Structure formats: C-alpha cells, structure tokens
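File shown: data-v2.txt. Contents: compact mmCIF, C-alpha atoms.
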# COMPACT_ATOMS: atom_id res chain seq x y z
CA MET A 1 28.78 -23.44 27.11
CA GLN A 2 28.49 -26.11 24.43
CA ILE A 3 28.21 -29.85 25.05
CA ASP A 4 28.63 -32.27 22.13
CA LEU A 5 27.21 -35.78 22.35
CA ARG A 6 26.96 -38.91 20.22
CA VAL A 7 23.70 -40.74 20.95
CA LEU A 8 22.52 -43.73 18.88
CA GLY A 9 24.82 -42.61 16.09
CA HIS A 10 23.48 -39.03 16.02
CA ARG A 11 25.46 -35.90 16.82
CA ILE A 12 23.82 -33.67 19.44
CA ARG A 13 24.90 -30.19 20.53
CA VAL A 14 23.52 -28.49 23.63
CA THR A 15 24.15 -24.79 24.19
CA THR A 16 23.44 -23.05 27.50
CA LYS A 17 24.61 -20.08 29.53
CA ASP A 18 23.33 -21.61 32.77
CA GLU A 19 26.22 -23.35 34.54
CA ALA A 20 23.88 -25.57 36.57
CA VAL A 21 22.20 -26.79 33.38
CA GLY A 22 25.54 -27.43 31.71
CA GLU A 23 26.83 -29.32 34.75
CA ALA A 24 23.69 -31.48 34.97
CA ILE A 25 23.69 -32.37 31.27
CA GLY A 26 27.42 -33.06 31.44
CA LEU A 27 26.79 -35.52 34.28
CA PHE A 28 23.67 -37.10 32.76
CA TRP A 29 25.35 -37.69 29.40
CA GLU A 30 29.01 -37.98 30.34
CA PRO A 31 29.63 -41.35 28.57
CA ALA A 32 28.17 -39.94 25.33
CA ARG A 33 30.34 -36.81 25.20
CA VAL A 34 32.57 -36.31 22.15
CA GLU A 35 35.09 -33.76 21.00
CA VAL A 36 33.74 -30.70 19.16
CA ASP A 37 33.81 -31.19 15.40
CA GLY A 38 33.27 -28.15 13.22
CA HIS A 39 32.97 -29.81 9.81
CA ALA A 40 30.14 -28.31 7.75
CA GLN A 41 28.63 -31.67 6.85
CA ASP A 42 28.33 -32.52 10.55
CA LYS A 43 26.46 -29.27 11.24
CA LYS A 44 23.73 -30.18 8.75
CA ALA A 45 23.08 -33.55 10.38
CA ARG A 46 23.56 -32.33 13.96
CA LEU A 47 20.61 -31.97 16.35
CA ASP A 48 20.94 -28.59 18.09
CA TYR A 49 19.32 -27.73 21.45
CA VAL A 50 19.56 -24.29 23.07
CA PHE A 51 18.53 -23.36 26.64
CA GLU A 52 17.73 -19.67 26.85
CA ALA A 53 15.54 -17.55 29.16
CA GLY A 54 13.28 -20.39 30.28
CA ARG A 55 12.84 -21.74 26.77
CA LEU A 56 14.21 -24.86 25.11
CA TYR A 57 14.88 -24.51 21.40
CA PHE A 58 15.29 -27.43 19.01
CA LYS A 59 16.55 -26.55 15.55
CA GLY A 60 15.56 -22.96 16.26
CA GLU A 61 11.98 -23.70 17.36
CA ILE A 62 10.63 -23.53 20.93
CA VAL A 63 9.74 -27.02 22.16
CA ALA A 64 9.39 -26.38 25.94
CA ARG A 65 8.97 -23.49 28.40
CA ALA A 66 9.53 -23.15 32.15
CA GLU A 67 10.21 -20.57 34.85
CA SER A 68 13.96 -21.25 34.62
CA ASP A 69 16.39 -23.05 32.34
CA ALA A 70 17.07 -25.64 35.04
CA GLU A 71 13.40 -26.68 35.05
CA LEU A 72 13.75 -27.60 31.37
CA LEU A 73 16.14 -30.50 32.06
CA ALA A 74 13.41 -33.13 32.16
CA GLY A 75 11.80 -31.63 29.05
CA PHE A 76 15.12 -31.76 27.20
CA GLU A 77 15.68 -35.44 28.01
CA ARG A 78 12.12 -36.37 27.01
CA HIS A 79 12.31 -34.43 23.75
CA LEU A 80 15.72 -35.84 22.84
CA LEU A 81 14.73 -39.46 23.48
CA ASP A 82 11.37 -39.02 21.72
CA THR A 83 13.17 -37.49 18.73
CA LEU A 84 15.72 -40.30 18.57
CA ILE A 85 13.01 -42.96 18.85
CA THR A 86 11.05 -41.28 16.05
CA MET A 87 14.19 -41.08 13.92
CA GLY A 88 14.76 -44.78 14.59
CA ARG A 89 11.70 -45.92 12.64
CA GLU A 90 14.00 -47.84 10.30
CA THR A 91 15.64 -49.70 13.17
CA CYS A 92 14.41 -51.78 16.09
CA MET A 93 14.49 -49.62 19.23
CA LEU A 94 14.51 -51.55 22.49
CA HIS A 95 14.01 -50.56 26.12
CA ALA A 96 17.06 -52.48 27.31
CA GLY A 97 20.52 -52.25 28.82
CA ALA A 98 23.53 -53.60 26.95
CA VAL A 99 27.22 -54.21 27.64
CA VAL A 100 30.05 -56.26 26.18
CA LEU A 101 31.19 -58.51 29.03
CA ASP A 102 34.03 -61.01 28.53
CA GLU A 103 33.54 -60.82 24.73
CA ASP A 104 29.78 -61.52 25.02
CA LEU A 105 27.15 -58.97 24.08
CA VAL A 106 24.84 -59.06 27.11
CA VAL A 107 21.40 -57.48 26.71
CA PHE A 108 19.25 -56.91 29.82
CA VAL A 109 15.48 -56.65 29.35
CA GLY A 110 12.65 -56.17 31.82
CA PRO A 111 10.13 -53.53 32.89
CA SER A 112 11.13 -50.37 34.75
CA GLY A 113 12.51 -51.33 38.15
CA ALA A 114 13.57 -54.82 37.03
CA GLY A 115 17.26 -53.98 37.48
CA LYS A 116 18.59 -53.00 34.05
CA SER A 117 20.58 -50.04 35.42
CA THR A 118 21.76 -52.01 38.47
CA PHE A 119 23.13 -54.91 36.43
CA THR A 120 24.57 -52.63 33.75
CA ARG A 121 26.44 -50.75 36.48
CA LEU A 122 27.77 -53.97 38.02
CA CYS A 123 28.99 -55.16 34.62
CA VAL A 124 30.71 -51.83 33.93
CA GLU A 125 32.38 -52.00 37.35
CA ALA A 126 33.56 -55.52 36.38
CA GLY A 127 35.26 -54.14 33.27
CA ALA A 128 32.50 -54.43 30.64
CA SER A 129 32.26 -52.03 27.71
CA TYR A 130 29.13 -49.88 27.94
CA LEU A 131 26.40 -49.29 25.38
CA SER A 132 23.39 -48.17 27.43
CA ASP A 133 21.39 -48.88 30.57
CA ASP A 134 18.03 -47.98 29.03
CA LEU A 135 17.76 -47.63 25.24
CA VAL A 136 19.44 -49.52 22.40
CA SER A 137 18.98 -49.55 18.64
CA LEU A 138 19.30 -52.64 16.46
CA GLY A 139 20.03 -51.64 12.90
CA GLY A 140 20.69 -54.52 10.56
CA GLN A 141 23.53 -56.47 12.12
CA SER A 142 24.78 -53.96 14.68
CA LEU A 143 23.65 -52.69 18.07
CA ASP A 144 24.13 -49.15 19.33
CA GLY A 145 23.17 -47.46 22.57
CA ALA A 146 21.99 -44.18 24.07
CA ALA A 147 24.99 -43.92 26.39
CA ARG A 148 23.58 -41.81 29.19
CA ALA A 149 25.34 -41.98 32.50
CA ILE A 150 23.88 -44.91 34.43
CA GLN A 151 21.00 -43.33 36.34
CA PHE A 152 18.51 -44.42 38.97
CA ASP A 153 15.07 -43.17 39.98
CA ALA A 154 15.04 -39.73 41.54
CA LEU A 155 15.25 -39.71 45.34
CA THR A 156 12.62 -37.88 47.34
CA GLU A 157 13.68 -38.93 50.84
CA PRO A 158 16.38 -37.03 52.78
CA GLU A 159 18.19 -40.29 53.63
CA VAL A 160 20.40 -41.50 50.78
CA PRO A 161 20.55 -45.32 50.50
CA ALA A 162 24.02 -46.70 51.26
CA HIS A 163 24.43 -48.24 47.80
CA PHE A 164 24.28 -44.75 46.27
CA ALA A 165 27.09 -43.43 48.47
CA GLY A 166 29.58 -43.38 45.58
CA HIS A 167 27.18 -41.75 43.12
CA ALA A 168 26.83 -38.13 42.13
CA LEU A 169 23.47 -36.77 43.29
CA VAL A 170 22.25 -34.36 40.62
CA ASP A 171 19.51 -31.84 41.36
CA TYR A 172 16.61 -32.42 38.98
CA PRO A 173 14.58 -29.19 39.11
CA THR A 174 10.98 -29.93 38.16
CA PRO A 175 7.92 -27.68 38.16
CA GLY A 176 5.76 -28.38 41.20
CA PHE A 177 8.68 -29.55 43.37
CA PRO A 178 10.80 -27.29 45.61
CA SER A 179 14.46 -26.92 44.68
CA GLY A 180 16.50 -29.91 45.80
CA ALA A 181 13.43 -32.12 46.34
CA LEU A 182 14.43 -34.49 43.53
CA ARG A 183 17.99 -35.81 43.32
CA VAL A 184 19.02 -38.31 40.65
CA PRO A 185 21.80 -40.77 41.61
CA VAL A 186 24.25 -40.90 38.68
CA HIS A 187 26.99 -43.54 38.60
CA ARG A 188 30.39 -41.92 38.07
CA GLY A 189 33.28 -43.70 36.45
CA HIS A 190 35.58 -43.84 33.44
CA TYR A 191 33.16 -45.51 31.05
CA ARG A 192 32.21 -44.37 27.57
CA GLY A 193 29.63 -45.48 25.04
CA SER A 194 31.21 -48.20 22.89
CA GLY A 195 28.63 -48.69 20.11
CA PRO A 196 27.96 -49.68 17.46
CA ILE A 197 28.76 -53.34 18.08
CA ALA A 198 28.70 -55.80 15.16
CA LEU A 199 26.50 -58.74 16.17
CA ALA A 200 28.48 -61.13 14.00
CA ASP A 201 31.54 -60.56 16.20
CA LYS A 202 29.85 -61.43 19.51
CA ARG A 203 27.82 -64.14 21.15
CA VAL A 204 24.48 -62.64 22.13
CA VAL A 205 23.31 -63.26 25.70
CA LEU A 206 19.77 -62.12 26.48
CA VAL A 207 18.91 -61.79 30.18
CA ARG A 208 15.35 -61.18 31.35
CA LEU A 209 15.48 -59.60 34.81
CA GLN A 210 12.94 -59.96 37.59
CA HIS A 211 13.35 -58.64 41.13
CA GLY A 212 12.29 -61.34 43.61
CA GLU A 213 13.10 -62.99 46.92
CA ALA A 214 15.91 -65.29 45.78
CA ASP A 215 18.74 -65.49 43.24
CA VAL A 216 17.66 -68.03 40.63
CA LEU A 217 19.09 -68.40 37.12
CA SER A 218 17.21 -70.49 34.57
CA THR A 219 17.27 -71.00 30.81
CA LEU A 220 14.95 -68.78 28.80
CA PRO A 221 13.03 -70.91 26.26
CA ALA A 222 12.98 -69.71 22.64
CA LEU A 223 9.37 -68.49 22.73
CA GLU A 224 9.96 -66.66 26.01
CA ARG A 225 13.05 -65.06 24.47
CA LEU A 226 10.99 -63.77 21.56
CA SER A 227 8.19 -62.54 23.83
CA SER A 228 10.75 -60.73 26.02
CA LEU A 229 12.19 -58.97 22.97
CA HIS A 230 8.70 -58.11 21.79
CA ALA A 231 7.81 -56.62 25.19
CA ALA A 232 10.98 -54.51 25.14
CA THR A 233 10.42 -53.19 21.60
CA LEU A 234 9.58 -49.47 21.39
CA VAL A 235 9.85 -49.16 17.60
CA GLY A 236 10.07 -52.16 15.30
CA GLY A 237 11.02 -50.80 11.90
CA LYS A 238 13.50 -53.64 11.55
CA ALA A 239 12.76 -57.02 13.05
CA TYR A 240 14.93 -58.27 15.90
CA VAL A 241 14.72 -61.72 14.26
CA ALA A 242 18.18 -62.70 13.01
CA GLY A 243 19.55 -59.96 15.24
CA LEU A 244 19.01 -60.77 18.91
CA ASP A 245 16.89 -63.90 18.64
CA HIS A 246 19.87 -66.25 18.74
CA GLY A 247 22.55 -67.08 21.33
CA LEU A 248 22.05 -67.76 25.02
CA GLY A 249 18.94 -66.77 26.94
CA PHE A 250 18.46 -66.60 30.70
CA ASP A 251 15.72 -65.70 33.14
CA LEU A 252 17.35 -64.11 36.20
CA LEU A 253 15.32 -63.74 39.38
CA TRP A 254 17.39 -61.72 41.84
CA THR A 255 17.47 -60.26 45.31
CA ASP A 256 21.27 -59.78 45.72
CA PRO A 257 22.45 -58.29 42.40
CA GLY A 258 26.15 -59.03 43.00
CA HIS A 259 25.50 -62.69 43.76
CA ALA A 260 23.02 -62.99 40.89
CA LEU A 261 25.54 -61.56 38.42
CA GLY A 262 28.04 -64.13 39.67
CA LEU A 263 25.56 -66.90 38.82
CA LEU A 264 25.15 -65.46 35.32
CA ARG A 265 28.89 -65.12 34.67
CA ALA A 266 29.51 -68.67 35.86
CA SER A 267 27.04 -69.93 33.26
CA LEU A 268 28.58 -68.09 30.29
I need this file expressed as structure tokens, please.
Amino acid sequence: MQIDLRVLGHRIRVTTKDEAVGEAIGLFWEPARVEVDGHAQDKKARLDYVFEAGRLYFKGEIVARAESDAELLAGFERHLLDTLITMGRETCMLHAGAVVLDEDLVVFVGPSGAGKSTFTRLCVEAGASYLSDDLVSLGGQSLDGAARAIQFDALTEPEVPAHFAGHALVDYPTPGFPSGALRVPVHRGHYRGSGPIALADKRVVLVRLQHGEADVLSTLPALERLSSLHAATLVGGKAYVAGLDHGLGFDLLWTDPGHALGLLRASL
C-alpha cells in the first residue's frame, strides 16, 4: 500500500504492507493526500518512508524500531514533522492553526491545549478552507500548512466525551501501553489542505486563544501581537514581520467555543 501526501509543499510517500498502519496514516493525513504522480523529477524530491518488519525507513535508512509496524506510527509522525521543520530553516515555521474564513486568513496561536484544533474544526465546519490545525510555514509572502486531519489529544478513559461522538477514534499503538489504550479522536469531513495562500490576497486576522471561564473578545495590541507570533515561532529563518504582523489582532478568552467563534466572526 502506498500513500502519497503533500505537506508544507513537500511530496511524501508512505509504503506499508500493514493494513492497520495504512488505515491510520490515511486517517491522520487525509486532507493532505494527493494523487500518485510518477514523474522522475518528483521522485528525486520526494520524501520516502517505508514500514517493514518493525522498522521505519526514511530514504532507505532505519530511523525507528519497534515490536510491530503499528507501534511506529508515533515515530513516523515525529520524524516527518522534525524533518519538515528542519527543511524549513529558510522559512518561518509557526505552531499555529490557519484557515481562510469569509475571505480572511485567520491564524490561531496559543500553547498546546489553548484550542487551536477546536477552533480550526469549527471554522472548517462553517465552510472555511483548511491549511492546518497545528503547523504552518510562512515563506516570503505566502502561508502553507501541514494539513493533517484535525486531531485531538489521545483518550485514555473508556468514556468518550460527547463532543467527539462524530469523530473517528484511531488506535494509536505505543510501546508501554496495551493495545487500544490510546485512541486519537480525528475529525472526519470533506476538507483538504488549501495552501499555499498568498498573503497579499487576504486580510490577516491573528487570534490568540486562551481557555478560561468566560467568552471575552478583546483587541490584541501591536506589541502583544508580535510577542504572540514570537512565542509560536518554531523556526525563524524568515521573519514574520511584513508577513503576519499586520491586519486585525484579537485576544479570545473562551469557555464555549461555538459562542466565542460567533463573537469573533461578528467583529470581522
């Protein structure tokens, strides 16, 4: 089984004989999937991963080992994202979610658990075009995304929260945990990665998310906007100045994400 992806502008091919591995990667990266292209020039630039006999190969070299191919899923995702971040030294890589909503490029920043995936999902359900819920790359005057399926923290409790009822629950086999102990909620839907987006064509709306006890929307001052971008920067080969430092900026404290998004949309 071969799965072809486009992630941050790079072509990725994953090869596996394990159906469970293929199904999981297909779910995790569904919005980034592309049609197979056999052109020779694409093969040279393509990043090839192979799962085989408890080993993960990258460009023909072993980069991870486990008891089974399924246990290599987490290692594959870590290696792929680390590789893309390293390759993005000439860009500005941000830990952020991004969508195009009502012709605005909306970028969500905040630490893990702040709500980037939650608000990205709500925007996609409202008809927004999807870039990423976690990792974006600013190169010059365009923004691109690592268009994974919108994912949430792995569940360890037997009870599934009601708001994940419509999600696919994907087994995430990990060494040290019994089979089925970790299940990742993955949002299903007909959304695809839409990058790269030319910044000149869109108004940029930066939203700093904070989970709190009320829904409060306030203006994000210029210095706070810059500090938020700085905090979200993973690799800063290119400055975000003159890229995402202009446009509207909001600080969104939220407890009810649907209501909070309504406050944001009413202010755009």
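Using all atoms listed in the file, the smallest distance between any of A:Leu268, A:Val235, A:Ile3, A:Ala146 and A:Tyr49 comes from A:Ile3.
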message: At a cut-off of 12 Å, using all atoms listed in the file, what residues contact stretch 78-82 of chain A? Leave out same-chain residues fewer than 2 positions from it and give the result as a ChimeraX atom specification.
response: /A:5-8,10-14,29,47-49,56-59,62-64,72-76,84-89,93,95,134-137,145-148,234-235
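For the set A:Asp133, A:Asp104, A:Asp215, A:Glu224, the residue with the smallest atom-to-atom gap to A:Leu252 is A:Asp215, counting all atoms listed in the file.
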query: At a cut-off of 7 Å from (16.0, -67.2, 36.7) in the coordinates of the file, what residues are picked up using only C-alpha atoms, written as a VMD selection string?
result: chain A and resid 216 to 218 250 to 253
task: Name the residues in contact with A:His190 at a cut-off of 12 Å, using only C-alpha atoms, excluding same-chain residues fewer than 4 positions from it; report them as a PyMOL selection string.
output: chain A and resi 30-32+121+124-125+127-130+149-150
message: What does the structure give for the distance between atom CA of A:Leu206 and atom CA of A:Val99, in Å to one decimal?
response: 10.9 Å
- request: Give as an MDAnalysis selection string the set of residues within 9 Å of the point (13.6, -63.3, 19.5), where distances use the file's coordinates and all atoms listed in the file.
  value: chainID A and resid 222:230 240:246
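With distances taken over all atoms listed in the file, A:Glu103 is the one residue among A:Glu103, A:Ala20, A:Leu155, A:Gln141 lying closest to A:Arg265.
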N, CA and C atoms are needed for stretch 140-155 of chain A; please write them out as a JSON list (two decimals), in the frame of the given file.
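Resulting contents of selection.json:
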[["chain", "number", "residue", "atom", "x", "y", "z"],
["A", 140, "GLY", "N", 20.03, -53.49, 11.35],
["A", 140, "GLY", "CA", 20.69, -54.52, 10.56],
["A", 140, "GLY", "C", 21.42, -55.49, 11.47],
["A", 141, "GLN", "N", 22.73, -55.53, 11.35],
["A", 141, "GLN", "CA", 23.53, -56.47, 12.12],
["A", 141, "GLN", "C", 24.43, -55.78, 13.13],
["A", 142, "SER", "N", 24.00, -54.64, 13.65],
["A", 142, "SER", "CA", 24.78, -53.96, 14.68],
["A", 142, "SER", "C", 23.85, -53.39, 15.74],
["A", 143, "LEU", "N", 24.40, -53.22, 16.94],
["A", 143, "LEU", "CA", 23.65, -52.69, 18.07],
["A", 143, "LEU", "C", 24.34, -51.45, 18.58],
["A", 144, "ASP", "N", 23.57, -50.40, 18.81],
["A", 144, "ASP", "CA", 24.13, -49.15, 19.33],
["A", 144, "ASP", "C", 23.31, -48.74, 20.55],
["A", 145, "GLY", "N", 23.85, -47.83, 21.34],
["A", 145, "GLY", "CA", 23.17, -47.46, 22.57],
["A", 145, "GLY", "C", 23.08, -45.96, 22.79],
["A", 146, "ALA", "N", 22.08, -45.55, 23.57],
["A", 146, "ALA", "CA", 21.99, -44.18, 24.07],
["A", 146, "ALA", "C", 22.79, -44.16, 25.37],
["A", 147, "ALA", "N", 24.04, -43.76, 25.27],
["A", 147, "ALA", "CA", 24.99, -43.92, 26.39],
["A", 147, "ALA", "C", 24.87, -42.78, 27.41],
["A", 148, "ARG", "N", 23.69, -42.70, 28.03],
["A", 148, "ARG", "CA", 23.58, -41.81, 29.19],
["A", 148, "ARG", "C", 24.46, -42.34, 30.31],
["A", 149, "ALA", "N", 24.77, -41.47, 31.26],
["A", 149, "ALA", "CA", 25.34, -41.98, 32.50],
["A", 149, "ALA", "C", 24.31, -42.92, 33.12],
["A", 150, "ILE", "N", 24.78, -43.95, 33.80],
["A", 150, "ILE", "CA", 23.88, -44.91, 34.43],
["A", 150, "ILE", "C", 23.15, -44.19, 35.55],
["A", 151, "GLN", "N", 21.81, -44.13, 35.43],
["A", 151, "GLN", "CA", 21.00, -43.33, 36.34],
["A", 151, "GLN", "C", 19.98, -44.20, 37.05],
["A", 152, "PHE", "N", 19.52, -43.71, 38.19],
["A", 152, "PHE", "CA", 18.51, -44.42, 38.97],
["A", 152, "PHE", "C", 17.36, -43.46, 39.27],
["A", 153, "ASP", "N", 16.24, -44.00, 39.73],
["A", 153, "ASP", "CA", 15.07, -43.17, 39.98],
["A", 153, "ASP", "C", 15.40, -42.04, 40.95],
["A", 154, "ALA", "N", 14.79, -40.89, 40.70],
["A", 154, "ALA", "CA", 15.04, -39.73, 41.54],
["A", 154, "ALA", "C", 14.65, -40.00, 42.99],
["A", 155, "LEU", "N", 15.50, -39.53, 43.90],
["A", 155, "LEU", "CA", 15.25, -39.71, 45.34],
["A", 155, "LEU", "C", 14.41, -38.57, 45.87]]
